[in-house]
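**Student:** The structure's right below; bear with me while I get my questions together.
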Amino acid sequence: MIRLRDIERYYRNGLRKAWVLNQINLDIQEGEFVTIMGPSGAGKSTLLNIIGMLEEPSGGAYHFLNEPVHQFNERKRSDLHKAYMGFVFQAYHLIDDLTVYENIETPLLYRNVKSKERKSMVAEILDRFNIVAKKDLFPDQLSGGQQQLVGVARAVISKPRLLLADEPTGNLHTKQGDQIMELFRELNDEGVTIIQVTHSERNASFGTRIIELVDGNVRSDEQVRQPSGQGDGPKGMPNGK
Amino acid sequence: MLQHFLVVTLRNLRRDIGYSLINILGLGVGIAVSLLLFFWVRYELSYDRFHIDAERIYQIAFSFPGEGGQYTTWTSAPVLFAEKIDESIPEAEAALGVSFPRELSFLLGQTPFKEVGLYVGPAFLGLFNFPLLEGSRDALFSRPDDIVLTESLAEKYFGAGWRGNAIGKTLEAAEQEKYTVTGVVADPPPNSSLEFGFLLSTEEYLRKNPWDNHWGNFTSRIFVKVKAGTDIPALEDKLIALFRKYKDNTEEGTAISLLALTGRHLYNKLENGKPVGGRITYVRLFIGAAAFLLLIACINFMNLATARATRRSREIGVRKVVGASRGQLAGQFMSEALAIALIATGVGVALVELLKQPFRQITDTELGIRYLEPATLLLILGTGLVAGLLSGSYPAFLLSSFRAVNIFRGKEAGQFSGASLRKGLVVVQFLLSACLIVCALGVQRQVSYIMNKNLGLDRENVVQMPMNGALYDKFPILKEELSAIPGVKEFTASNQTPFMVNSETRDPEWDGKPANSQVGFRVLEVTPGFVETMGIKMLAGRDFDPARPSDTLNFIVNETAAQAMNMDEPVGQRLEFWGLKGQVIGLARDFHLNSLHDPIAPLILYLARDGRTDNLYVRTEAGRAQEAIAGLEALHRRMVPDFSFEYSFLDEEYSRMYKSETAIGKLAFYFAAVAILLSCIGLFGLSAFMAARRTKEIGIRKVVGASVANIVGLLFQDFLKLILIGFVISVPVAWYLLSTWLDGFAYKSSISAYLFLATAGLMVLVAWLAVGYHSIRAARANPVKALGGE
Ligand SMILES: Nc1ncnc2c1ncn2[C@@H]1O[C@H](COP(=O)(O)OP(=O)(O)OP(=O)(O)O)[C@@H](O)[C@H]1O
Ligand SMILES: [Mg+2]
């Protein structure tokens, strides 16, 4: 699904270049549940953002579903991002002015899903995540764990084939974190490819593969368990494609 | 999607209610003022366009060659000419004479009322679109005493039940005149430059004014309706050729020009026979002012929206990540702006309703607002739409360009939020405001210059009264009675108001007059004592003396006339015109015999034949005007009971001459006030954001020992720079605008440095008030709190 070749990222600091990512080579198959770990400042978020097409690498080749992303312009990249990816943030990043329901609905609006279909999709996911009762509340009326649930719901409502999560449990208690991780595993079982960044070994244990990043280099890359959903493909096809 | 945007917009509005109010109110005020001005402009442009085929109706103007290759243009013509055009020019579908407005005194029972009407050719109602409500068009003027009334006069004289009742009735007028009503027309709409209460025939006019049955008397207006597709310049040539046929001594080079009726109202200033402007200048100025104010209001919106982007950047980032394209985001911010503009338009319309009465009073014009008219709705919605698009486009462009990663890394907000553009916009706002303020002050200064101008005659304590009916003839024998009225100090008479002398002639002959002289002289008919009563200074010679009968052939000239005739010692020199052969007996110091727009013209005073003329001027003892007026009224009622008693004060007449300047002065003042108010509303909002963003910096500065004053100064300094830059750029612009306007005056106030200093001072002061509140609040906040919150 993802093929990174010699991906690098640096910032110019005066005349000097500060390297954040160094010649990263990485292949990720559909159905994997990858955890990226490493010390602070190692470049984890940067790598995730590059995979999520929010950020451009300074060099190297990036193929996503065999499409040469590094040759695409911003518009094409964001189309690809929109069609296949969902994003979960450490700080939840819900829109304060929207209710839970509306927050979850937003991605569908941008994918021109019809109103009726939207309703049933949101209802389904609210039900599945057990947050039907909260649907008319605003984010600041929810606990952190509940907010992250909404964040995940929003990320998966459009049935992405790839879910990217940057420290999704960073702001949560262990129990709340486990709930999110369970959810991830479930999604992964259904065929969604997941890449998460985390500092927690416990979270990493939910995944199938752990990549350790140090100073912009991959230091280790180990398979911890067989991807379960591998080969099955996702349950639903993404919308808007 | 739209619904979603709407929900977000409304929640946003509610959340930042202060910001929303500032935005809506600011934009609403901008829209209201623009709408008022646009309505006014539209109304001005609509003048005389209600006639059918209005664009084919022209008025005839004559241009006579004058000094230095310039032409003198008259919009009047001999009334006889109309008939000849009608008969012999095939391109003219119709031609007719229309007199200048004339007054008649009609009797309602015993009470006299002064009414204004026109003497017109029979084609009048066919050519102009004043619908005939009663009567038959062909039989309106079959006899000289036939009269057509407007609806309101019909109602006034024949009561509410005039319909089916007025036709055939007799209307009595002063001096035993009687008219028979043959028709009733709808009142001319206020956007008609032809205004009248009654219509009489040209025939009747010639009966009353037989001397105008003459090719040399240019006392009427002539309108021509041409056939579609007529070559106007060719027709003009044809007309002057026809004119020469009847008046073969017409000066070489005299030309006729056809002035489009639809342009008469706005292009009322003529030079060399061609319209060169006039009222249109004010229309343009107003459009400019409306655009300025709307722009200032929109800039507020842009500034606040981009300043607030900091707060909304997270939302933008999230939306991008969940799949919003740039276009969709821009659409969201655009529709937010449009929604706010829509609300502001509602506020604007409410304000228009509130302001339209005062506006009409100041400008003394109509606005003709009919909300249900498609054009009006279009204008309102169009203004709102433009405001929305203008306000929303830049924020939409800027906000949608944010990159999600940068936002989440906390960079976009601090580093890039259009700060430099925002500064530029503040500069533009204050530049526009400064222009308006300087111009407003400049216009006010000119108006006060005009009002305080020493005209060279004393206009205080003078009552003017027309010599109605028999008064005219009896004036010479009334002198004793007039002198006996308590409060009357002196009196005199003349045929024109002394500072509105318009009669002009080139006929005077004097020794040594060059053969090719084309000097035009203003001439004023007076009775003895005019010079003294008006307080005009004599430089040499003497006033007219009633004891010397020969003075009826003699003249008093002003300095300019003496110069024009090249006389060093004018007193005793020979002078003759209009059959008066005499000499100059006095040299009067120049006084302003016309508006201050024009330089003082050469003037000749001559004595009224038999001591009779049109207007009485009574100088009253200071503070005793009312007594004098009561006495005059009693005299008037006794002498001419069938005329209504009308009088005016000379100084008020003078002020009325500058009605439009005074109105412009007031409006400019209000525009400037609105401009500065809007700019400050924007500044107020902006300073709130600035102060909020710099909370931490302020906290640190306070901890290291800065005083409240230091910090307020620091915050204000940023804005002060922008205001001063705006002001400096405005100086040449305002100077140019103001001097262009002042160039219309031959006598004008200087553009003094005080105008600019006052403007700069005012702007700084008001800006300080706008910025001060938030600055002081921020500066006094507890630094520990500010820092602890981080
Ligand atoms: N705009 C920038 N200019 C210069 N350096 C930057 C910029 N943005 C990020 N960096 C640097 O890139 C490096 C990697 O950042 P990144 O956010 O990817 O780290 P991380 O591994 O996610 O760390 P953490 O665990 O703290 O989130 C950091 O050292 C950071 O200082
Ligand atoms: Mg990180």
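Every chain in the structure tokens has a letter given in the order shown (A, B, ...), and although residue numbers restart at 1 in each chain, ligands are simply numbered from 1 in the order shown.
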Pick out the residues no farther than 12 Å from ligand 2, counting only C-alpha atoms and all ligand atoms, and list them as a PyMOL selection string.
**Tutor:** (chain A and resi 20+36-49+89-91+165-168+170+196-199+213) or (chain B and resi 405+408-409)
**Student:** Hey, which bits of chain B sit within 8 Å of chain A, and for each residue what's the closest pair of atoms and how far apart in Å (one decimal), counting only C-alpha atoms, rows by chain and increasing number, as JSON lines?
**Tutor:**
```
{"residue": "B:Met1", "atom": "CA", "partner": "A:Leu109", "partner_atom": "CA", "distance": 6.1}
{"residue": "B:Val8", "atom": "CA", "partner": "A:Asp97", "partner_atom": "CA", "distance": 6.5}
{"residue": "B:Arg11", "atom": "CA", "partner": "A:Asp97", "partner_atom": "CA", "distance": 6.2}
{"residue": "B:Asn12", "atom": "CA", "partner": "A:Asp97", "partner_atom": "CA", "distance": 7.0}
{"residue": "B:Arg314", "atom": "CA", "partner": "A:His93", "partner_atom": "CA", "distance": 7.2}
{"residue": "B:Glu315", "atom": "CA", "partner": "A:Ile95", "partner_atom": "CA", "distance": 5.6}
{"residue": "B:Val318", "atom": "CA", "partner": "A:His93", "partner_atom": "CA", "distance": 6.5}
{"residue": "B:Arg319", "atom": "CA", "partner": "A:Thr106", "partner_atom": "CA", "distance": 7.8}
{"residue": "B:Val321", "atom": "CA", "partner": "A:Phe87", "partner_atom": "CA", "distance": 7.0}
{"residue": "B:Val322", "atom": "CA", "partner": "A:Pro107", "partner_atom": "CA", "distance": 5.2}
{"residue": "B:Gly323", "atom": "CA", "partner": "A:Lys82", "partner_atom": "CA", "distance": 4.9}
{"residue": "B:Ala324", "atom": "CA", "partner": "A:Tyr110", "partner_atom": "CA", "distance": 5.5}
{"residue": "B:Ser325", "atom": "CA", "partner": "A:Ser78", "partner_atom": "CA", "distance": 7.5}
{"residue": "B:Gln328", "atom": "CA", "partner": "A:Tyr110", "partner_atom": "CA", "distance": 7.6}
{"residue": "B:Arg403", "atom": "CA", "partner": "A:Leu54", "partner_atom": "CA", "distance": 8.0}
{"residue": "B:Ala404", "atom": "CA", "partner": "A:Leu54", "partner_atom": "CA", "distance": 6.8}
{"residue": "B:Val405", "atom": "CA", "partner": "A:Leu54", "partner_atom": "CA", "distance": 6.1}
```
**Student:** The selected residues should be written to file as a tab-separated table (two decimals), in the first residue's frame (atoms: N, CA and C atoms).
**Tutor:**
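To be explicit, this is the file written out as result.tsv:
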```tsv
chain	number	residue	atom	x	y	z
B	1	MET	N	-24.73	21.34	2.74
B	1	MET	CA	-23.48	22.06	2.96
B	1	MET	C	-23.75	23.50	3.37
B	8	VAL	N	-22.67	27.09	11.29
B	8	VAL	CA	-21.37	27.49	11.81
B	8	VAL	C	-21.31	29.01	11.93
B	11	ARG	N	-23.35	30.21	14.91
B	11	ARG	CA	-22.73	29.88	16.20
B	11	ARG	C	-21.52	30.76	16.43
B	12	ASN	N	-20.81	31.02	15.34
B	12	ASN	CA	-19.65	31.90	15.45
B	12	ASN	C	-20.05	33.29	15.85
B	314	ARG	N	-7.45	26.55	14.01
B	314	ARG	CA	-7.55	25.13	14.30
B	314	ARG	C	-8.70	24.50	13.52
B	315	GLU	N	-9.80	25.24	13.49
B	315	GLU	CA	-10.95	24.76	12.73
B	315	GLU	C	-10.56	24.57	11.26
B	318	VAL	N	-8.40	21.45	10.88
B	318	VAL	CA	-9.19	20.23	11.01
B	318	VAL	C	-9.99	19.98	9.74
B	319	ARG	N	-10.61	21.02	9.27
B	319	ARG	CA	-11.44	20.85	8.08
B	319	ARG	C	-10.59	20.37	6.90
B	321	VAL	N	-7.88	18.61	7.08
B	321	VAL	CA	-7.49	17.22	7.29
B	321	VAL	C	-8.65	16.27	7.02
B	322	VAL	N	-9.86	16.68	7.39
B	322	VAL	CA	-10.98	15.76	7.16
B	322	VAL	C	-11.47	15.84	5.72
B	323	GLY	N	-10.82	16.65	4.90
B	323	GLY	CA	-11.13	16.54	3.47
B	323	GLY	C	-11.62	17.78	2.78
B	324	ALA	N	-11.63	18.94	3.47
B	324	ALA	CA	-12.10	20.14	2.79
B	324	ALA	C	-11.07	20.58	1.76
B	325	SER	N	-11.53	20.90	0.57
B	325	SER	CA	-10.61	21.45	-0.41
B	325	SER	C	-10.51	22.94	-0.15
B	328	GLN	N	-13.66	24.69	-1.05
B	328	GLN	CA	-14.76	24.52	-0.11
B	328	GLN	C	-14.58	25.41	1.11
B	403	ARG	N	-1.97	26.08	5.85
B	403	ARG	CA	-1.68	24.65	5.70
B	403	ARG	C	-1.86	23.96	7.04
B	404	ALA	N	-2.54	22.84	6.96
B	404	ALA	CA	-2.93	22.16	8.20
B	404	ALA	C	-1.73	21.88	9.10
B	405	VAL	N	-0.63	21.35	8.52
B	405	VAL	CA	0.51	20.97	9.35
B	405	VAL	C	1.01	22.17	10.12
```
**Student:** Return the single residue from A:Asp6, A:Glu117, A:Asp136, A:Glu30 that is closest to Ser58 (chain A), with distances computed using only C-alpha atoms.
**Tutor:**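 Once distances to Ser58 (chain A) are computed over only C-alpha atoms, the minimum belongs to A:Asp6.
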**Student:** Tell me, as a list in words, which residues lie within 6 Å of region 628-643 of chain B, counting only C-alpha atoms; anything in the same chain fewer than 5 positions away does not count.
**Tutor:** Ser105, Pro112, Ala174, Ile485, Pro486, Gly487 and Val488 of chain B
**Student:** Any idea what's packed within 12 Å of Ser205 (chain A), counting only C-alpha atoms, ignoring anything in its chain fewer than 6 positions away? Could you give it as a VMD selection string?
**Tutor:** chain A and resid 33 to 37 178 181 to 182 184 to 185 196 198 to 199 222 to 225
**Student:** Let's see if you can do this: from backbone DSSP, list all alpha helix (DSSP H) residues in region 65-191 of chain A, as a PyMOL selection string.
**Tutor:** chain A and resi 74-84+100-110+115-128+144-156+174-189
**Student:** At a cut-off of 6 Å, using only C-alpha atoms, what residues contact region 380-396 of chain B? Leave out same-chain residues fewer than 4 positions from it and give the result as a PyMOL selection string.
**Tutor:** chain B and resi 298+301-302+306+330+333-334+337-338+341+345+400
**Student:** Could the residues in this selection be saved with C-alpha atoms as an mmCIF file, in the first residue's frame?
**Tutor:**
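The resulting file, out.cif, is reproduced below:
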```cif
data_model
loop_
_atom_site.group_PDB
_atom_site.id
_atom_site.type_symbol
_atom_site.label_atom_id
_atom_site.label_comp_id
_atom_site.auth_asym_id
_atom_site.auth_seq_id
_atom_site.Cartn_x
_atom_site.Cartn_y
_atom_site.Cartn_z
ATOM 1 C CA CYS B 298 -15.448 46.390 4.294
ATOM 2 C CA PHE B 301 -14.586 43.369 8.191
ATOM 3 C CA MET B 302 -11.467 42.090 6.464
ATOM 4 C CA THR B 306 -8.133 38.012 9.403
ATOM 5 C CA ALA B 330 -13.032 29.605 0.770
ATOM 6 C CA PHE B 333 -15.736 31.921 4.653
ATOM 7 C CA MET B 334 -17.311 33.624 1.686
ATOM 8 C CA ALA B 337 -19.202 37.022 4.946
ATOM 9 C CA LEU B 338 -22.274 37.081 2.749
ATOM 10 C CA ALA B 341 -23.420 41.255 4.907
ATOM 11 C CA THR B 345 -27.920 45.051 4.837
ATOM 12 C CA SER B 400 -8.183 28.860 2.988
#
```
**Student:** Enumerate the residues of region 126-207 of chain A with a DSSP assignment of strand (DSSP E), computed from the backbone, and present them as a PyMOL selection string.
**Tutor:** chain A and resi 162-166+193-197
**Student:** Okay, now the selection with N, CA, C and O atoms, as a compact mmCIF listing (two decimals), in the first residue's frame?
**Tutor:**
```
# COMPACT_ATOMS: atom_id res chain seq x y z
N LEU A 162 -6.86 3.84 5.11
CA LEU A 162 -5.70 4.05 5.95
C LEU A 162 -6.07 5.02 7.07
O LEU A 162 -6.60 6.10 6.82
N LEU A 163 -5.79 4.60 8.31
CA LEU A 163 -6.06 5.47 9.45
C LEU A 163 -4.73 5.87 10.06
O LEU A 163 -3.91 5.02 10.39
N LEU A 164 -4.51 7.19 10.17
CA LEU A 164 -3.27 7.69 10.74
C LEU A 164 -3.58 8.32 12.08
O LEU A 164 -4.54 9.08 12.20
N ALA A 165 -2.78 8.00 13.09
CA ALA A 165 -3.07 8.53 14.42
C ALA A 165 -1.78 8.95 15.09
O ALA A 165 -0.85 8.16 15.22
N ASP A 166 -1.72 10.23 15.45
CA ASP A 166 -0.51 10.76 16.10
C ASP A 166 -0.75 10.86 17.60
O ASP A 166 -1.45 11.74 18.06
N THR A 193 -6.09 -0.33 7.33
CA THR A 193 -4.67 -0.22 7.64
C THR A 193 -4.50 0.91 8.63
O THR A 193 -5.11 1.97 8.47
N ILE A 194 -3.68 0.71 9.66
CA ILE A 194 -3.52 1.74 10.69
C ILE A 194 -2.04 2.02 10.90
O ILE A 194 -1.22 1.09 10.96
N ILE A 195 -1.71 3.29 10.98
CA ILE A 195 -0.37 3.67 11.40
C ILE A 195 -0.54 4.62 12.57
O ILE A 195 -1.19 5.66 12.46
N GLN A 196 0.04 4.27 13.70
CA GLN A 196 -0.07 5.15 14.85
C GLN A 196 1.31 5.50 15.38
O GLN A 196 2.26 4.75 15.25
N VAL A 197 1.39 6.70 15.98
CA VAL A 197 2.60 7.10 16.67
C VAL A 197 2.27 7.05 18.14
O VAL A 197 1.21 7.50 18.56
```
